[in-house]
Structures are given as structure tokens and as C-alpha cells.
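Here is the structure we will look at.
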Amino acid sequence: MASQSRPTAELQRAAEFRTALRRFLRRTKVVTDDSGLTPERYDLLLMIAATEGEVRLTDLCRLLELRQTAVSELVKRAVEAGLVVKDPSPDDRRAVSLRLSRDGDRRLMRAFRALGEDRDELVATFAAANRQLRRTS
């Protein structure tokens, strides 16, 4: 590929965004460790809390972009760790709804608050890259 046809500015913006994303993920690991969670459990608790009500396994599969077997195992371990509570669904006897335990909520919010500036930085990086891409399009 000739260097003249290479979209260098776009590649640089993509690299900057990927670097910011990796930095955010690394920081998430540190923060979740400090909160007694794994990044995967943090994501699970976040998705359950964000639904503000009944959430089912199929919803979590879609939200987490994971297969049902992976989400089932993640939920099972979170229940065993006392972070998530399963309640029978009032609408379907075969289904359960999930909610955070008091400890799960406490740990989630500790990590969530600690990542506030990091989220803001990632959003700002994404917004800047988006603005630059729109200018060149």
C-alpha cells in the first residue's frame, strides 16, 4: 500500500482511542480489584443495577455481549459470592429475576464512583475523535 493512500490521520485517531480504551480497561481492573470484584463481575453488577427492575438472563446476554453459558456461570458465581440475589419471576415460573444484594450494591458503587473521572476521560477522547472524523468526512 502506498503511503499516500494511507489515511494516517484516521489511523492516529483510532490508535489514540484504542490507547484510551486500554487505559480505561486497565484502570477498571485496578479499581475492581480494590472493590473486591473482577471486571466481569463489575460489568454484571452494573448491568443488573442499570436495568432498575427485573432483569433476566437473556437480557444480560444481550447487554454483556456474551453467550448464555458464560452469563449463567457469571451469575452463578456472583450469587455464590453473595453479590446477586435470584428471585422467582412473578410472570414466569421458569424464570428468575436478578437484583443486587446489599454487598453487591456497595461494591458496585465503590468501583463506579472510583471510575468516574476515567469514564469522563474516555468519553472526552471518544467525542474528540468523533469530531475530528466528522471534519475529515
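Within each chain, counting starts at residue 1; across the C-alpha cells, chains are named A, B, ... in the order shown, with ligands numbered 1 upward in that order.
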**OP:** Name all residues at most 12 Å from Asp33 (chain A) (count only C-alpha atoms; drop same-chain ones fewer than 3 positions away) and give them as a ChimeraX atom specification.
**Re:** /A:26-30,36-42,107-108,110-111,114
Atoms to include: all heavy atoms. Write the selected residues as a compact mmCIF listing (two decimals), in the first residue's frame.
```txt
# COMPACT_ATOMS: atom_id res chain seq x y z
N ARG A 26 -7.53 -1.06 31.91
CA ARG A 26 -6.50 -1.35 32.92
C ARG A 26 -6.88 -0.72 34.26
O ARG A 26 -6.79 -1.34 35.31
CB ARG A 26 -5.13 -0.85 32.45
CG ARG A 26 -4.00 -1.26 33.40
CD ARG A 26 -2.65 -0.71 32.98
NE ARG A 26 -2.63 0.73 33.13
CZ ARG A 26 -2.47 1.61 32.14
NH1 ARG A 26 -2.30 1.20 30.91
NH2 ARG A 26 -2.47 2.90 32.37
N ARG A 27 -7.36 0.52 34.21
CA ARG A 27 -7.77 1.21 35.43
C ARG A 27 -8.98 0.52 36.05
O ARG A 27 -9.07 0.38 37.27
CB ARG A 27 -8.09 2.67 35.09
CG ARG A 27 -8.65 3.45 36.22
CD ARG A 27 -7.60 3.99 37.17
NE ARG A 27 -8.29 4.86 38.11
CZ ARG A 27 -8.25 4.71 39.41
NH1 ARG A 27 -7.50 3.78 39.95
NH2 ARG A 27 -8.93 5.52 40.20
N THR A 28 -9.89 0.03 35.23
CA THR A 28 -11.05 -0.71 35.73
C THR A 28 -10.60 -1.94 36.50
O THR A 28 -11.15 -2.25 37.56
CB THR A 28 -11.99 -1.11 34.57
OG1 THR A 28 -12.47 0.07 33.94
CG2 THR A 28 -13.16 -1.94 35.06
N LYS A 29 -9.60 -2.63 36.00
CA LYS A 29 -9.06 -3.81 36.69
C LYS A 29 -8.54 -3.44 38.08
O LYS A 29 -8.84 -4.12 39.07
CB LYS A 29 -7.97 -4.46 35.83
CG LYS A 29 -7.21 -5.58 36.50
CD LYS A 29 -8.00 -6.86 36.52
CE LYS A 29 -7.15 -8.02 36.99
NZ LYS A 29 -7.56 -8.50 38.30
N VAL A 30 -7.79 -2.37 38.16
CA VAL A 30 -7.24 -1.93 39.45
C VAL A 30 -8.36 -1.57 40.42
O VAL A 30 -8.36 -1.99 41.58
CB VAL A 30 -6.28 -0.72 39.24
CG1 VAL A 30 -5.89 -0.08 40.57
CG2 VAL A 30 -5.03 -1.16 38.48
N GLY A 36 -13.02 -5.57 45.55
CA GLY A 36 -13.35 -6.97 45.76
C GLY A 36 -14.15 -7.58 44.64
O GLY A 36 -14.93 -8.51 44.87
N LEU A 37 -13.99 -7.05 43.43
CA LEU A 37 -14.70 -7.55 42.26
C LEU A 37 -13.70 -7.89 41.17
O LEU A 37 -12.53 -7.53 41.25
CB LEU A 37 -15.66 -6.48 41.71
CG LEU A 37 -16.78 -6.02 42.63
CD1 LEU A 37 -17.48 -4.80 42.03
CD2 LEU A 37 -17.77 -7.14 42.88
N THR A 38 -14.19 -8.56 40.15
CA THR A 38 -13.42 -8.71 38.92
C THR A 38 -14.06 -7.75 37.91
O THR A 38 -15.22 -7.33 38.10
CB THR A 38 -13.51 -10.14 38.36
OG1 THR A 38 -14.89 -10.41 38.03
CG2 THR A 38 -13.01 -11.18 39.37
N PRO A 39 -13.38 -7.41 36.84
CA PRO A 39 -14.02 -6.56 35.82
C PRO A 39 -15.30 -7.19 35.27
O PRO A 39 -16.28 -6.48 35.01
CB PRO A 39 -12.94 -6.43 34.74
CG PRO A 39 -11.65 -6.58 35.48
CD PRO A 39 -11.95 -7.60 36.55
N GLU A 40 -15.31 -8.50 35.13
CA GLU A 40 -16.50 -9.19 34.62
C GLU A 40 -17.66 -9.08 35.61
O GLU A 40 -18.81 -8.85 35.20
CB GLU A 40 -16.18 -10.66 34.33
CG GLU A 40 -15.16 -10.87 33.25
CD GLU A 40 -13.71 -10.69 33.70
OE1 GLU A 40 -13.43 -10.63 34.91
OE2 GLU A 40 -12.84 -10.59 32.80
N ARG A 41 -17.37 -9.25 36.89
CA ARG A 41 -18.43 -9.10 37.89
C ARG A 41 -18.91 -7.65 37.97
O ARG A 41 -20.09 -7.39 38.17
CB ARG A 41 -17.95 -9.57 39.27
CG ARG A 41 -18.03 -11.05 39.42
CD ARG A 41 -17.80 -11.46 40.85
NE ARG A 41 -17.82 -12.91 40.93
CZ ARG A 41 -17.39 -13.59 41.96
NH1 ARG A 41 -16.89 -12.96 43.02
NH2 ARG A 41 -17.44 -14.91 41.97
N TYR A 42 -17.98 -6.72 37.83
CA TYR A 42 -18.36 -5.31 37.81
C TYR A 42 -19.35 -5.06 36.67
O TYR A 42 -20.39 -4.43 36.86
CB TYR A 42 -17.13 -4.42 37.65
CG TYR A 42 -17.46 -2.96 37.45
CD1 TYR A 42 -17.84 -2.16 38.54
CD2 TYR A 42 -17.41 -2.39 36.19
CE1 TYR A 42 -18.16 -0.83 38.36
CE2 TYR A 42 -17.73 -1.05 36.01
CZ TYR A 42 -18.10 -0.28 37.09
OH TYR A 42 -18.42 1.04 36.91
N ARG A 107 -20.29 -2.73 46.74
CA ARG A 107 -19.05 -2.91 45.96
C ARG A 107 -19.16 -2.25 44.58
O ARG A 107 -18.21 -1.63 44.11
CB ARG A 107 -18.74 -4.39 45.80
CG ARG A 107 -18.31 -5.05 47.09
CD ARG A 107 -17.86 -6.44 46.80
NE ARG A 107 -17.87 -7.29 47.96
CZ ARG A 107 -17.28 -8.47 48.01
NH1 ARG A 107 -16.65 -8.94 46.95
NH2 ARG A 107 -17.33 -9.20 49.10
N LEU A 108 -20.31 -2.42 43.94
CA LEU A 108 -20.51 -1.78 42.64
C LEU A 108 -20.34 -0.28 42.75
O LEU A 108 -19.61 0.34 41.96
CB LEU A 108 -21.91 -2.10 42.09
CG LEU A 108 -22.32 -1.26 40.87
CD1 LEU A 108 -21.45 -1.59 39.66
CD2 LEU A 108 -23.78 -1.44 40.56
N ARG A 110 -18.85 1.53 44.97
CA ARG A 110 -17.47 1.92 45.30
C ARG A 110 -16.63 1.98 44.02
O ARG A 110 -15.93 2.96 43.78
CB ARG A 110 -16.88 0.91 46.28
CG ARG A 110 -15.47 1.23 46.67
CD ARG A 110 -14.95 0.24 47.68
NE ARG A 110 -13.55 0.52 47.95
CZ ARG A 110 -12.75 -0.28 48.60
NH1 ARG A 110 -13.21 -1.42 49.09
NH2 ARG A 110 -11.49 0.03 48.79
N ALA A 111 -16.72 0.95 43.21
CA ALA A 111 -15.95 0.92 41.96
C ALA A 111 -16.48 1.96 40.98
O ALA A 111 -15.70 2.66 40.32
CB ALA A 111 -16.02 -0.48 41.33
N ALA A 114 -15.26 5.37 41.88
CA ALA A 114 -13.82 5.48 41.66
C ALA A 114 -13.46 5.63 40.19
O ALA A 114 -12.42 6.19 39.85
CB ALA A 114 -13.10 4.26 42.26
```
**OP:** Skip region 86-92 of chain A itself and residues of its chain fewer than 4 positions away, then list as a list in words all residues within 10 Å of it, counting only C-alpha atoms.
**Re:**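 These residues fall inside the cut-off: Glu54, Val55, Arg56, Val75, Lys76, Val79, Val96, Ser97, Leu98, Arg99, Leu100 and Ser101 of chain A.
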**OP:** Please indicate the distance in Å from CA of Asp120 (chain A) to CA of Gly53 (chain A), rounded to one decimal place.
**Re:** 26.2 Å
Original post:
Can you list, as a ChimeraX atom specification, every protein, DNA or RNA residue that comes within 12 Å of Thr125 (chain A) when you count only C-alpha atoms, leaving out same-chain residues fewer than 6 positions away?
Top reply: /A:13-21,23-24,118-119,131-132
Keeping only N, CA, C and O atoms, write those residues as a PDB file, in the first residue's frame.
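Listing of selection-v8.pdb after writing:
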```pdb
ATOM      1  N   ARG A  13      -5.991   8.713  15.029  1.00  0.00           N
ATOM      2  CA  ARG A  13      -7.148   8.886  15.921  1.00  0.00           C
ATOM      3  C   ARG A  13      -7.623   7.533  16.457  1.00  0.00           C
ATOM      4  O   ARG A  13      -7.969   7.409  17.628  1.00  0.00           O
ATOM      5  N   ALA A  14      -7.642   6.541  15.583  1.00  0.00           N
ATOM      6  CA  ALA A  14      -8.054   5.207  16.027  1.00  0.00           C
ATOM      7  C   ALA A  14      -7.079   4.666  17.064  1.00  0.00           C
ATOM      8  O   ALA A  14      -7.491   4.064  18.064  1.00  0.00           O
ATOM      9  N   ALA A  15      -5.792   4.885  16.847  1.00  0.00           N
ATOM     10  CA  ALA A  15      -4.779   4.426  17.807  1.00  0.00           C
ATOM     11  C   ALA A  15      -4.930   5.144  19.137  1.00  0.00           C
ATOM     12  O   ALA A  15      -4.825   4.526  20.204  1.00  0.00           O
ATOM     13  N   GLU A  16      -5.198   6.455  19.095  1.00  0.00           N
ATOM     14  CA  GLU A  16      -5.387   7.224  20.330  1.00  0.00           C
ATOM     15  C   GLU A  16      -6.605   6.707  21.103  1.00  0.00           C
ATOM     16  O   GLU A  16      -6.555   6.567  22.322  1.00  0.00           O
ATOM     17  N   PHE A  17      -7.674   6.439  20.376  1.00  0.00           N
ATOM     18  CA  PHE A  17      -8.864   5.942  21.043  1.00  0.00           C
ATOM     19  C   PHE A  17      -8.617   4.564  21.650  1.00  0.00           C
ATOM     20  O   PHE A  17      -9.011   4.300  22.784  1.00  0.00           O
ATOM     21  N   ARG A  18      -7.955   3.692  20.902  1.00  0.00           N
ATOM     22  CA  ARG A  18      -7.665   2.349  21.425  1.00  0.00           C
ATOM     23  C   ARG A  18      -6.766   2.439  22.660  1.00  0.00           C
ATOM     24  O   ARG A  18      -6.943   1.679  23.622  1.00  0.00           O
ATOM     25  N   THR A  19      -5.816   3.367  22.650  1.00  0.00           N
ATOM     26  CA  THR A  19      -4.954   3.556  23.818  1.00  0.00           C
ATOM     27  C   THR A  19      -5.778   4.017  25.016  1.00  0.00           C
ATOM     28  O   THR A  19      -5.613   3.509  26.126  1.00  0.00           O
ATOM     29  N   ALA A  20      -6.687   4.961  24.798  1.00  0.00           N
ATOM     30  CA  ALA A  20      -7.549   5.438  25.879  1.00  0.00           C
ATOM     31  C   ALA A  20      -8.437   4.310  26.398  1.00  0.00           C
ATOM     32  O   ALA A  20      -8.634   4.174  27.606  1.00  0.00           O
ATOM     33  N   LEU A  21      -8.939   3.492  25.497  1.00  0.00           N
ATOM     34  CA  LEU A  21      -9.770   2.361  25.901  1.00  0.00           C
ATOM     35  C   LEU A  21      -8.971   1.353  26.717  1.00  0.00           C
ATOM     36  O   LEU A  21      -9.434   0.886  27.763  1.00  0.00           O
ATOM     37  N   ARG A  23      -6.318   1.998  28.491  1.00  0.00           N
ATOM     38  CA  ARG A  23      -6.029   2.658  29.762  1.00  0.00           C
ATOM     39  C   ARG A  23      -7.239   2.535  30.691  1.00  0.00           C
ATOM     40  O   ARG A  23      -7.102   2.218  31.877  1.00  0.00           O
ATOM     41  N   PHE A  24      -8.438   2.757  30.136  1.00  0.00           N
ATOM     42  CA  PHE A  24      -9.664   2.641  30.931  1.00  0.00           C
ATOM     43  C   PHE A  24      -9.856   1.210  31.436  1.00  0.00           C
ATOM     44  O   PHE A  24     -10.189   0.995  32.598  1.00  0.00           O
ATOM     45  N   ASP A 118     -12.316   8.510  35.086  1.00  0.00           N
ATOM     46  CA  ASP A 118     -11.844   7.672  33.980  1.00  0.00           C
ATOM     47  C   ASP A 118     -12.912   7.577  32.888  1.00  0.00           C
ATOM     48  O   ASP A 118     -12.601   7.635  31.703  1.00  0.00           O
ATOM     49  N   ARG A 119     -14.181   7.433  33.301  1.00  0.00           N
ATOM     50  CA  ARG A 119     -15.272   7.409  32.319  1.00  0.00           C
ATOM     51  C   ARG A 119     -15.348   8.734  31.577  1.00  0.00           C
ATOM     52  O   ARG A 119     -15.488   8.768  30.353  1.00  0.00           O
ATOM     53  N   ARG A 131     -15.467  14.109  16.579  1.00  0.00           N
ATOM     54  CA  ARG A 131     -15.463  15.445  15.958  1.00  0.00           C
ATOM     55  C   ARG A 131     -14.438  15.527  14.828  1.00  0.00           C
ATOM     56  O   ARG A 131     -14.723  16.047  13.754  1.00  0.00           O
ATOM     57  N   GLN A 132     -13.264  14.975  15.060  1.00  0.00           N
ATOM     58  CA  GLN A 132     -12.213  15.013  14.040  1.00  0.00           C
ATOM     59  C   GLN A 132     -12.609  14.186  12.822  1.00  0.00           C
ATOM     60  O   GLN A 132     -12.358  14.592  11.691  1.00  0.00           O
TER      61      GLN A 132
END
```
Original post:
With distances taken over only C-alpha atoms, which of A:Ala49, A:Cys61, A:Ala70, A:Leu122 is nearest to Gly104 (chain A)?
Top reply: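 Once distances to Gly104 (chain A) are computed over only C-alpha atoms, the minimum belongs to A:Ala49.
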Original post:
Asp59 (chain A): which residues within 12 Å, counting only C-alpha atoms, same-chain residues fewer than 6 positions away excluded, as a VMD selection string?
Top reply: chain A and resid 44 47 to 48 50 to 51 53 65 to 68 71 to 72 95 to 98
Give me a file of those residues, with C-alpha atoms, as an mmCIF file, in the first residue's frame.
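And here's selection18.cif as it stands now:
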```
data_model
loop_
_atom_site.group_PDB
_atom_site.id
_atom_site.type_symbol
_atom_site.label_atom_id
_atom_site.label_comp_id
_atom_site.auth_asym_id
_atom_site.auth_seq_id
_atom_site.Cartn_x
_atom_site.Cartn_y
_atom_site.Cartn_z
ATOM 1 C CA LEU A 44 -22.571 -7.881 35.522
ATOM 2 C CA MET A 47 -25.939 -4.139 34.004
ATOM 3 C CA ILE A 48 -28.224 -5.509 36.714
ATOM 4 C CA ALA A 50 -28.808 -0.184 35.347
ATOM 5 C CA THR A 51 -31.997 -2.063 34.468
ATOM 6 C CA GLY A 53 -36.024 -3.593 37.893
ATOM 7 C CA GLU A 65 -22.476 -9.452 24.514
ATOM 8 C CA LEU A 66 -21.782 -12.918 25.934
ATOM 9 C CA ARG A 67 -23.184 -16.384 25.346
ATOM 10 C CA GLN A 68 -25.789 -17.740 27.705
ATOM 11 C CA VAL A 71 -23.540 -15.391 31.637
ATOM 12 C CA SER A 72 -25.106 -18.299 33.537
ATOM 13 C CA ALA A 95 -37.573 -17.660 35.016
ATOM 14 C CA VAL A 96 -35.801 -15.766 37.770
ATOM 15 C CA SER A 97 -35.164 -12.090 38.150
ATOM 16 C CA LEU A 98 -31.871 -10.805 39.447
#
```
**OP:** Assign secondary structure with DSSP using the backbone only, and return the residues of region 30-135 of chain A in strand (DSSP E or B) as number ranges by chain.
**Re:** A: 84-88, 96-100
What does the file look like for those residues with C-alpha atoms, as an mmCIF file, in the first residue's frame?
```cif
data_model
loop_
_atom_site.group_PDB
_atom_site.id
_atom_site.type_symbol
_atom_site.label_atom_id
_atom_site.label_comp_id
_atom_site.auth_asym_id
_atom_site.auth_seq_id
_atom_site.Cartn_x
_atom_site.Cartn_y
_atom_site.Cartn_z
ATOM 1 C CA VAL A 84 -26.542 -11.058 43.424
ATOM 2 C CA VAL A 85 -29.891 -12.416 44.586
ATOM 3 C CA LYS A 86 -32.185 -14.548 42.450
ATOM 4 C CA ASP A 87 -35.911 -14.044 42.894
ATOM 5 C CA PRO A 88 -38.644 -16.095 41.229
ATOM 6 C CA VAL A 96 -35.801 -15.766 37.770
ATOM 7 C CA SER A 97 -35.164 -12.090 38.150
ATOM 8 C CA LEU A 98 -31.871 -10.805 39.447
ATOM 9 C CA ARG A 99 -31.061 -7.971 41.787
ATOM 10 C CA LEU A 100 -28.007 -6.833 43.663
#
```
Original post:
Taking into account only C-alpha atoms, which residue in the set A:Ala128, A:Glu80, A:Phe112, A:Asp105 is nearest to Val31 (chain A)?
Top reply: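 With only C-alpha atoms as the atom set, the closest residue is A:Phe112.
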Subject >> Pick from A:Leu45, A:Val123, A:Ala78, A:Leu64, whichever lies nearest to Arg106 (chain A) using only C-alpha atoms >> reply: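 Among the listed residues, the smallest separation from Arg106 (chain A) belongs to A:Leu45.
If you look at CA of Glu73 (chain A) and CA of Leu60 (chain A), they are 12.0 Å away from each other.
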